[in-house]
>>> print(open('final12.pdb').read())   # PDB, C-alpha atoms and all ligand atoms
ATOM      1  CA  MET A 191       0.000   0.000   0.000
ATOM      2  CA  SER A 192       1.223   3.471  -0.728
ATOM      3  CA  GLY A 193       1.077   6.444   1.637
ATOM      4  CA  LYS A 194      -0.477   8.325  -1.279
ATOM      5  CA  ASP A 195      -3.509   5.968  -1.130
ATOM      6  CA  ILE A 196      -4.328   6.490   2.530
ATOM      7  CA  GLY A 197      -3.087  10.052   3.011
ATOM      8  CA  GLU A 198       0.398  10.799   4.329
ATOM      9  CA  GLU A 199      -0.902  11.932   7.729
ATOM     10  CA  TYR A 200      -2.574   8.572   8.403
ATOM     11  CA  TRP A 201       0.197   6.107   7.628
ATOM     12  CA  ASN A 202       1.140   5.756  11.298
ATOM     13  CA  GLU A 203      -2.541   5.293  12.172
ATOM     14  CA  HIS A 204      -2.980   2.323   9.842
ATOM     15  CA  SER A 205       0.370   0.640  10.197
ATOM     16  CA  VAL A 206       1.018   1.053  13.921
ATOM     17  CA  LYS A 207      -1.748   2.617  16.042
ATOM     18  CA  ILE A 208      -4.792   0.630  14.888
ATOM     19  CA  PRO A 209      -3.029  -2.770  15.072
ATOM     20  CA  ALA A 210      -1.646  -1.847  18.533
ATOM     21  CA  ALA A 211      -5.126  -0.790  19.760
ATOM     22  CA  LEU A 212      -6.636  -3.997  18.343
ATOM     23  CA  HIS A 213      -4.011  -6.045  20.100
ATOM     24  CA  ALA A 214      -4.661  -4.244  23.418
ATOM     25  CA  LYS A 215      -8.413  -4.777  23.142
ATOM     26  CA  GLN A 216      -8.359  -8.308  21.816
ATOM     27  CA  PRO A 217      -5.040 -10.053  22.428
ATOM     28  CA  GLY A 218      -4.638 -12.566  19.634
ATOM     29  CA  ALA A 219      -6.544 -10.495  17.059
ATOM     30  CA  ALA A 220      -3.269  -8.992  15.926
ATOM     31  CA  THR A 221       0.295 -10.262  16.262
ATOM     32  CA  VAL A 222       2.805  -7.723  17.517
ATOM     33  CA  MET A 223       6.209  -8.224  15.940
ATOM     34  CA  ASP A 224       9.635  -6.704  16.400
ATOM     35  CA  TYR A 225      10.245  -3.278  14.848
ATOM     36  CA  HIS A 226      12.655  -4.810  12.323
ATOM     37  CA  ALA A 227       9.903  -7.029  10.898
ATOM     38  CA  PHE A 228       8.417  -3.996   9.149
ATOM     39  CA  PHE A 229      11.004  -1.253   9.126
ATOM     40  CA  ASP A 230      13.987  -2.789   7.355
ATOM     41  CA  PRO A 231      15.637  -1.088   5.525
ATOM     42  CA  GLN A 232      15.582   1.620   8.170
ATOM     43  CA  TYR A 233      14.965   5.316   7.525
ATOM     44  CA  GLY A 234      17.971   7.574   6.957
ATOM     45  CA  GLY A 235      21.686   6.970   6.576
ATOM     46  CA  THR A 236      22.716   4.527   3.884
ATOM     47  CA  ALA A 237      20.178   1.782   4.732
ATOM     48  CA  LEU A 238      17.816   2.468   1.841
ATOM     49  CA  ALA A 239      20.638   2.804  -0.718
ATOM     50  CA  GLU A 240      22.017  -0.556   0.487
ATOM     51  CA  PHE A 241      18.601  -2.190   0.031
ATOM     52  CA  PHE A 242      18.248  -0.823  -3.519
ATOM     53  CA  PHE A 243      21.812  -1.339  -4.737
ATOM     54  CA  GLU A 244      23.392  -4.154  -2.673
ATOM     55  CA  ASP A 245      22.532  -7.739  -1.889
ATOM     56  CA  ARG A 246      21.836  -7.657   1.864
ATOM     57  CA  ASP A 247      20.228 -10.126   4.232
ATOM     58  CA  TYR A 248      17.294  -9.014   6.357
ATOM     59  CA  PRO A 249      16.719 -12.171   8.429
ATOM     60  CA  THR A 250      14.092 -10.633  10.751
ATOM     61  CA  ALA A 251      12.142  -8.763   8.061
ATOM     62  CA  TYR A 252       8.550  -9.821   7.450
ATOM     63  CA  CYS A 253       8.253  -7.250   4.659
ATOM     64  CA  HIS A 254      10.287  -4.271   3.503
ATOM     65  CA  HIS A 255       9.530  -0.631   4.061
ATOM     66  CA  LEU A 256      10.481   1.498   1.071
ATOM     67  CA  TRP A 257      10.018   4.919   2.674
ATOM     68  CA  GLU A 258       8.123   6.452  -0.187
ATOM     69  CA  SER A 259       8.761  10.010   1.001
ATOM     70  CA  ILE A 260      12.466   9.615   0.184
ATOM     71  CA  SER A 261      12.469   6.860  -2.443
ATOM     72  CA  TRP A 262       9.583   7.902  -4.715
ATOM     73  CA  ASN A 263      11.804   9.919  -7.015
ATOM     74  CA  LEU A 264      13.676   6.700  -7.828
ATOM     75  CA  LEU A 265      10.789   4.225  -7.548
ATOM     76  CA  SER A 266       8.476   6.159  -9.855
ATOM     77  CA  ARG A 267      11.016   5.584 -12.647
ATOM     78  CA  VAL A 268      11.482   1.852 -12.134
ATOM     79  CA  ASN A 269      10.093  -0.452 -14.770
ATOM     80  CA  GLU A 270      10.680  -3.997 -15.972
ATOM     81  CA  SER A 271      13.460  -3.008 -18.375
ATOM     82  CA  ASN A 272      15.560  -0.800 -16.144
ATOM     83  CA  LEU A 273      15.888  -3.168 -13.194
ATOM     84  CA  ALA A 274      19.421  -3.944 -14.439
ATOM     85  CA  LEU A 275      20.377  -0.520 -13.061
ATOM     86  CA  PHE A 276      20.121  -1.984  -9.546
ATOM     87  CA  GLY A 277      22.466  -4.935 -10.262
ATOM     88  CA  LYS A 278      21.915  -8.044  -8.156
ATOM     89  CA  SER A 279      20.555  -6.112  -5.190
ATOM     90  CA  THR A 280      17.951  -7.235  -2.658
ATOM     91  CA  PHE A 281      15.464  -4.880  -4.296
ATOM     92  CA  SER A 282      16.039  -6.082  -7.872
ATOM     93  CA  LEU A 283      15.952  -9.777  -6.862
ATOM     94  CA  LEU A 284      12.579  -9.236  -5.135
ATOM     95  CA  ALA A 285      11.205  -7.062  -7.945
ATOM     96  CA  LYS A 286      12.171  -9.628 -10.602
ATOM     97  CA  GLN A 287      10.220 -12.315  -8.715
ATOM     98  CA  CYS A 288       7.116 -10.128  -8.961
ATOM     99  CA  ILE A 289       7.284  -9.809 -12.753
ATOM    100  CA  THR A 290       5.801 -12.871 -14.418
ATOM    101  CA  GLU A 291       6.198 -13.882 -18.080
ATOM    102  CA  ASN A 292       2.589 -12.796 -18.468
ATOM    103  CA  ASP A 293       3.433  -9.328 -17.110
ATOM    104  CA  LYS A 294       6.365  -9.050 -19.527
ATOM    105  CA  THR A 295       4.121  -9.887 -22.500
ATOM    106  CA  ARG A 296       1.497  -7.416 -21.281
ATOM    107  CA  ILE A 297       4.062  -4.626 -20.753
ATOM    108  CA  GLN A 298       5.611  -5.284 -24.176
ATOM    109  CA  ALA A 299       2.161  -5.159 -25.823
ATOM    110  CA  ALA A 300       1.324  -1.900 -23.988
ATOM    111  CA  ARG A 301       4.627  -0.377 -25.143
ATOM    112  CA  GLN A 302       3.995  -1.454 -28.741
ATOM    113  CA  HIS A 303       0.477  -0.029 -28.563
ATOM    114  CA  ARG A 304       1.828   3.290 -27.224
ATOM    115  CA  ILE A 305       4.412   3.475 -30.032
ATOM    116  CA  GLU A 306       1.770   2.780 -32.684
ATOM    117  CA  ARG A 307      -0.587   5.400 -31.186
ATOM    118  CA  LEU A 308       2.167   8.029 -31.063
ATOM    119  CA  LEU A 309       3.107   7.284 -34.666
ATOM    120  CA  THR A 310      -0.419   7.936 -35.924
ATOM    121  CA  GLY A 311      -0.739  11.582 -34.782
ATOM    122  CA  PRO A 312       1.850  14.326 -35.164
ATOM    123  CA  VAL A 313       5.104  12.546 -34.302
ATOM    124  CA  TRP A 314       7.233  14.074 -31.519
ATOM    125  CA  LEU A 315      10.620  12.616 -30.530
ATOM    126  CA  ASN A 316      12.504  13.038 -27.249
ATOM    127  CA  MET A 317      16.098  12.130 -28.161
ATOM    128  CA  GLY A 318      18.383  10.930 -25.357
ATOM    129  CA  CYS A 319      15.420  10.827 -22.974
ATOM    130  CA  GLY A 320      17.285   9.263 -20.025
ATOM    131  CA  GLY A 321      14.843   9.160 -17.121
ATOM    132  CA  ASN A 322      12.974  12.207 -18.421
ATOM    133  CA  MET A 323      10.109  10.449 -20.231
ATOM    134  CA  LEU A 324       7.670  12.816 -21.908
ATOM    135  CA  ALA A 325       4.082  11.572 -22.205
ATOM    136  CA  ASP A 326       3.273  12.733 -25.737
ATOM    137  CA  TYR A 327       6.688  12.008 -27.211
ATOM    138  CA  LEU A 328       8.392   8.830 -28.390
ATOM    139  CA  ASN A 329      11.185   8.597 -25.837
ATOM    140  CA  ILE A 330      14.445   7.389 -27.370
ATOM    141  CA  ASP A 331      17.734   6.471 -25.705
ATOM    142  CA  GLN A 332      20.744   4.255 -26.354
ATOM    143  CA  HIS A 333      20.419   2.616 -22.922
ATOM    144  CA  ALA A 334      17.649   0.019 -22.545
ATOM    145  CA  GLU A 335      18.148   0.363 -18.775
ATOM    146  CA  VAL A 336      16.290   3.679 -18.692
ATOM    147  CA  GLY A 337      13.223   2.001 -20.228
ATOM    148  CA  PRO A 338      12.736   4.209 -23.322
ATOM    149  CA  ASP A 339       9.983   3.553 -25.883
ATOM    150  CA  ILE A 340      12.692   2.880 -28.483
ATOM    151  CA  VAL A 341      16.315   1.880 -27.906
ATOM    152  CA  CYS A 342      18.514   3.547 -30.540
ATOM    153  CA  ASP A 343      22.059   4.873 -30.612
ATOM    154  CA  ILE A 344      21.182   8.079 -32.433
ATOM    155  CA  ALA A 345      24.846   8.680 -33.313
ATOM    156  CA  ARG A 346      25.282   5.347 -35.130
ATOM    157  CA  ASP A 347      21.964   3.607 -35.901
ATOM    158  CA  THR A 348      19.735   4.706 -38.755
ATOM    159  CA  TRP A 349      16.813   6.382 -36.977
ATOM    160  CA  PRO A 350      13.763   4.087 -37.181
ATOM    161  CA  PHE A 351      11.512   6.682 -38.849
ATOM    162  CA  ALA A 352      10.555   7.274 -42.451
ATOM    163  CA  ASP A 353      11.756  10.335 -44.388
ATOM    164  CA  ASN A 354       9.672  13.476 -43.686
ATOM    165  CA  SER A 355       7.601  11.785 -40.968
ATOM    166  CA  VAL A 356       8.436  13.698 -37.764
ATOM    167  CA  ASP A 357       6.861  16.966 -36.576
ATOM    168  CA  GLN A 358       8.858  17.854 -33.497
ATOM    169  CA  VAL A 359      12.180  16.785 -31.960
ATOM    170  CA  ALA A 360      13.484  17.620 -28.484
ATOM    171  CA  PHE A 361      17.100  17.211 -27.421
ATOM    172  CA  ILE A 362      17.020  17.956 -23.711
ATOM    173  CA  HIS A 363      20.561  17.805 -22.365
ATOM    174  CA  SER A 364      21.582  15.238 -24.952
ATOM    175  CA  LEU A 365      23.116  16.956 -28.002
ATOM    176  CA  GLU A 366      26.221  17.917 -26.004
ATOM    177  CA  HIS A 367      26.887  14.141 -25.743
ATOM    178  CA  ILE A 368      27.335  13.830 -29.518
ATOM    179  CA  GLY A 369      30.946  14.189 -30.664
ATOM    180  CA  ALA A 370      32.394  13.311 -34.061
ATOM    181  CA  GLU A 371      29.064  11.778 -35.103
ATOM    182  CA  LEU A 372      27.342  15.181 -35.263
ATOM    183  CA  GLU A 373      27.170  15.056 -39.069
ATOM    184  CA  PHE A 374      25.352  11.704 -38.950
ATOM    185  CA  VAL A 375      22.910  12.996 -36.312
ATOM    186  CA  ILE A 376      22.161  16.219 -38.214
ATOM    187  CA  ARG A 377      21.655  14.348 -41.496
ATOM    188  CA  GLU A 378      19.309  11.837 -39.823
ATOM    189  CA  LEU A 379      17.464  14.687 -38.091
ATOM    190  CA  TYR A 380      16.962  16.446 -41.416
ATOM    191  CA  ARG A 381      15.920  13.245 -43.186
ATOM    192  CA  VAL A 382      13.158  12.317 -40.698
ATOM    193  CA  CYS A 383      11.812  15.847 -40.151
ATOM    194  CA  ARG A 384       8.909  17.102 -42.227
ATOM    195  CA  PRO A 385       9.359  20.533 -43.821
ATOM    196  CA  ASP A 386       8.669  23.097 -41.046
ATOM    197  CA  ALA A 387       9.232  20.567 -38.270
ATOM    198  CA  PHE A 388      10.275  22.137 -34.967
ATOM    199  CA  VAL A 389      13.520  21.166 -33.212
ATOM    200  CA  ARG A 390      14.082  22.233 -29.599
ATOM    201  CA  ILE A 391      17.566  21.943 -28.100
ATOM    202  CA  THR A 392      18.288  22.510 -24.423
ATOM    203  CA  ALA A 393      21.919  22.326 -23.297
ATOM    204  CA  PRO A 394      24.078  23.677 -20.469
ATOM    205  CA  HIS A 395      26.229  26.704 -21.270
ATOM    206  CA  PRO A 396      29.785  25.553 -22.123
ATOM    207  CA  ALA A 397      31.135  27.547 -19.162
ATOM    208  CA  HIS A 398      28.638  26.045 -16.719
ATOM    209  CA  ASP A 399      29.983  23.648 -14.071
ATOM    210  CA  TRP A 400      27.345  21.152 -15.206
ATOM    211  CA  PHE A 401      28.811  21.106 -18.722
ATOM    212  CA  LEU A 402      32.412  20.950 -17.528
ATOM    213  CA  GLY A 403      31.803  18.319 -14.863
ATOM    214  CA  ASP A 404      30.280  15.552 -16.995
ATOM    215  CA  PRO A 405      32.991  13.622 -18.880
ATOM    216  CA  THR A 406      30.401  12.443 -21.441
ATOM    217  CA  HIS A 407      29.821  16.075 -22.517
ATOM    218  CA  VAL A 408      31.926  16.212 -25.650
ATOM    219  CA  ARG A 409      30.508  19.181 -27.568
ATOM    220  CA  PRO A 410      29.723  22.736 -26.449
ATOM    221  CA  ILE A 411      26.319  23.723 -27.800
ATOM    222  CA  VAL A 412      25.952  27.405 -28.709
ATOM    223  CA  PRO A 413      23.442  29.104 -31.039
ATOM    224  CA  ALA A 414      26.208  29.930 -33.553
ATOM    225  CA  ILE A 415      26.480  26.222 -34.490
ATOM    226  CA  PHE A 416      23.075  26.383 -36.125
ATOM    227  CA  GLN A 417      24.009  29.294 -38.382
ATOM    228  CA  HIS A 418      26.212  26.757 -40.191
ATOM    229  CA  LEU A 419      23.169  24.566 -40.820
ATOM    230  CA  ASP A 420      21.093  27.366 -42.402
ATOM    231  CA  ARG A 421      21.312  27.065 -46.195
ATOM    232  CA  GLU A 422      20.436  30.690 -46.938
ATOM    233  CA  LYS A 423      22.993  31.986 -44.441
ATOM    234  CA  CYS A 424      25.660  29.673 -45.905
ATOM    235  CA  ILE A 425      24.953  30.855 -49.460
ATOM    236  CA  ASN A 426      24.984  34.518 -48.380
ATOM    237  CA  GLY A 427      28.242  33.832 -46.577
ATOM    238  CA  LEU A 428      29.819  32.401 -49.711
ATOM    239  CA  LEU A 429      28.594  35.374 -51.776
ATOM    240  CA  THR A 430      30.007  37.894 -49.323
ATOM    241  CA  GLY A 431      33.343  36.158 -48.788
ATOM    242  CA  ASP A 432      32.531  34.873 -45.282
ATOM    243  CA  ARG A 433      34.972  32.064 -44.389
ATOM    244  CA  LYS A 434      32.656  30.104 -42.046
ATOM    245  CA  THR A 435      32.235  26.439 -43.055
ATOM    246  CA  PRO A 436      28.981  26.168 -45.073
ATOM    247  CA  LEU A 437      27.885  22.882 -43.465
ATOM    248  CA  ALA A 438      24.305  23.172 -44.749
ATOM    249  CA  LEU A 439      25.700  22.825 -48.294
ATOM    250  CA  TYR A 440      28.212  20.091 -47.468
ATOM    251  CA  TRP A 441      25.677  18.029 -45.482
ATOM    252  CA  ASN A 442      22.682  18.937 -47.664
ATOM    253  CA  VAL A 443      20.496  20.088 -44.771
ATOM    254  CA  ASP A 444      18.653  23.313 -43.972
ATOM    255  CA  PHE A 445      17.668  24.510 -40.485
ATOM    256  CA  GLU A 446      16.457  28.001 -39.625
ATOM    257  CA  THR A 447      17.020  29.263 -36.068
ATOM    258  CA  THR A 448      13.765  30.817 -34.843
ATOM    259  CA  LYS A 449      14.787  31.574 -31.259
ATOM    260  CA  ALA A 450      17.851  31.295 -28.995
ATOM    261  CA  ASN A 451      17.425  31.888 -25.263
ATOM    262  CA  TYR A 452      19.823  31.862 -22.355
ATOM    263  CA  ARG A 453      18.332  31.028 -18.975
ATOM    264  CA  LEU A 454      20.182  31.836 -15.770
ATOM    265  CA  ASP A 455      20.244  29.372 -12.884
ATOM    266  CA  SER A 456      17.613  30.427 -10.361
ATOM    267  CA  GLN A 457      20.229  31.607  -7.812
ATOM    268  CA  TYR A 458      21.420  34.242 -10.325
ATOM    269  CA  GLU A 459      18.023  35.493 -11.450
ATOM    270  CA  ASP A 460      17.949  38.232  -8.801
ATOM    271  CA  HIS A 461      21.472  39.313  -9.896
ATOM    272  CA  GLU A 462      20.054  39.954 -13.346
ATOM    273  CA  ALA A 463      17.129  41.916 -11.913
ATOM    274  CA  VAL A 464      19.553  44.342 -10.207
ATOM    275  CA  GLY A 465      21.815  44.518 -13.257
ATOM    276  CA  ARG A 466      24.819  42.483 -11.938
TER     277      ARG A 466
HETATM  278  C1  LIG B 501      22.267  13.963 -19.274
HETATM  279  S1  LIG B 501      21.187  12.688 -19.870
HETATM  280  C2  LIG B 501      19.742  13.661 -20.157
HETATM  281  C3  LIG B 501      18.526  12.850 -20.009
HETATM  282  C4  LIG B 501      17.206  13.598 -20.174
HETATM  283  N1  LIG B 501      17.017  14.099 -21.522
HETATM  284  C5  LIG B 501      17.020  14.668 -19.164
HETATM  285  O1  LIG B 501      16.811  15.820 -19.549
HETATM  286  O2  LIG B 501      17.066  14.382 -17.968
HETATM  287  C6  LIG B 501      21.767  12.351 -21.516
HETATM  288  C7  LIG B 501      21.065  11.197 -22.144
HETATM  289  O3  LIG B 501      21.415  11.141 -23.529
HETATM  290  C8  LIG B 501      21.569   9.795 -23.887
HETATM  291  N2  LIG B 501      22.453   9.684 -25.048
HETATM  292  C9  LIG B 501      23.716  10.129 -25.155
HETATM  293  N3  LIG B 501      24.243   9.776 -26.338
HETATM  294  C10 LIG B 501      23.276   9.073 -26.988
HETATM  295  C11 LIG B 501      23.223   8.401 -28.244
HETATM  296  N4  LIG B 501      24.264   8.392 -29.053
HETATM  297  N5  LIG B 501      22.077   7.788 -28.576
HETATM  298  C12 LIG B 501      21.003   7.787 -27.748
HETATM  299  N6  LIG B 501      21.014   8.380 -26.534
HETATM  300  C13 LIG B 501      22.135   9.019 -26.160
HETATM  301  C14 LIG B 501      22.197   9.147 -22.671
HETATM  302  O4  LIG B 501      22.030   7.744 -22.665
HETATM  303  C15 LIG B 501      21.465   9.843 -21.538
HETATM  304  O5  LIG B 501      20.332   9.139 -21.136
END
>>> encode(input="final12.pdb", output="structure tokens")
Amino acid sequence: MSGKDIGEEYWNEHSVKIPAALHAKQPGAATVMDYHAFFDPQYGGTALAEFFFEDRDYPTAYCHHLWESISWNLLSRVNESNLALFGKSTFSLLAKQCITENDKTRIQAARQHRIERLLTGPVWLNMGCGGNMLADYLNIDQHAEVGPDIVCDIARDTWPFADNSVDQVAFIHSLEHIGAELEFVIRELYRVCRPDAFVRITAPHPAHDWFLGDPTHVRPIVPAIFQHLDREKCINGLLTGDRKTPLALYWNVDFETTKANYRLDSQYEDHEAVGR
């Protein structure tokens, strides 16, 4: 049972107080067990992380308490295909026992149904989705562990979409992970997009600690990159003696930049307001 079902303020009522009152009134109506029978892994410290990511023994546990208030962020993203993320931990061994062959077939059919439904309307792609699944998008990632709709290495595999079939593409913190394969990605992006498709790219500023700190960030993303992918700008550049590489002509693509925004981290927003 989840605390969300019974109301957070009542969890203690249902799990502890009512059984204790029952036991006091009618000894034998309820069995009182040791604290550890229900509260392993314990709250706080490293206990919950050990339960999720290590293979531990809980010899006195009758059931396990997952402390939804601190674990929901992780649990809400667990599904049958990303259990591998937890290795051979107590949690993953128990969770695997709960998933039957029947469940796997049902989940696979539901996923297939979702893909087919999303391919019938305007098609929106979320490339490099990681754990950030978007409801109306086909979520695509190279790692099956994150449980995307479609597993695809967008830097190497031909994208599984027909020419001119996609209406919108989001790269949310993913394009900066594409290195030498950028040409392949941009050509595939152009191939699958319908004319006037919308591409949204969100990336950390190249001077941001977030960009610098992740060793899988291999490409700074700045608005100027996309000027090289704009056919008209490249042609004008050639006519006026501009020496920038006319990638739109070399790669046979054409993207127009409609908007480029910089957003400050929230702790600096007030600096901007006072002109710092
Ligand atoms: C920093 S995470 C961002 C995840 C998510 N978009 C978000 O905003 O939280 C980058 C994601 O891009 C994915 N990615 C990187 N290179 C990729 C590739 N070549 N093909 C598919 N996915 C890729 C990674 O697997 C990872 O899940």
>>> axis_aligned_box(input="final12.pdb", around="ligand LIG 501 (chain B)", padding_each_side="4 Å", output="AutoDock Vina command-line options")
--center_x 20.5 --center_y 11.8 --center_z -23.5 --size_x 15.5 --size_y 16.1 --size_z 19.1
>>> residues_around(input="final12.pdb", residues="Ile260 of chain A", least_positions_apart="6", cutoff="12 Å", atoms="only C-alpha atoms", output="JSON, numbers by chain")
{"A": [193, 232, 233, 234, 235, 237, 238, 239, 266]}
>>> closest_residue(input="final12.pdb", among="A:Asp343, A:Arg307, A:Val375, A:Asp245", to="Phe276 of chain A", atoms="all atoms listed in the file")
A:Asp245
>>> atom_distance(input="final12.pdb", atom1="atom CA of Arg246 of chain A", atom2="atom CA of Leu284 of chain A")
11.7 Å
>>> resolve_selection(input="final12.pdb", expression="the PyMOL selection byres (((chain A and resi 401-409) around 12) and not hetatm)", output="list in words")
His363, Ser364, Leu365, Glu366, His367, Ile368, Gly369, Ala370, Glu371, Leu372, Ala393, Pro394, His395, Pro396, Ala397, His398, Asp399, Trp400, Pro410, Ile411, Val412 and Ile415 of chain A
>>> atom_distance(input="final12.pdb", atom1="atom C9 of ligand LIG 501 (chain B)", atom2="atom CA of Leu328 of chain A")
15.7 Å
>>> residues_near_ligand(input="final12.pdb", ligand="ligand LIG 501 (chain B)", cutoff="7 Å", atoms="only C-alpha atoms and all ligand atoms", output="PyMOL selection string")
chain A and resi 317-322+330-333+342-346+361-364+367-368
>>> closest_residue(input="final12.pdb", among="A:Gln298, A:His418, A:Gly427, A:Asp444", to="Pro385 of chain A", atoms="all atoms listed in the file")
A:Asp444
>>> closest_residue(input="final12.pdb", among="A:Val389, A:Ala211, A:Leu379, A:Cys253", to="Asp230 of chain A", atoms="all atoms listed in the file")
A:Cys253
>>> atom_distance(input="final12.pdb", atom1="atom CA of Asp353 of chain A", atom2="atom CA of Arg381 of chain A")
5.2 Å
>>> residues_near_point(input="final12.pdb", point="(21.0, 21.1, -46.2)", cutoff="10 Å", atoms="all atoms listed in the file", output="list in words")
Ile376, Arg377, Tyr380, Arg381, His418, Leu419, Asp420, Arg421, Glu422, Cys424, Pro436, Leu437, Ala438, Leu439, Tyr440, Trp441, Asn442, Val443, Asp444 and Phe445 of chain A
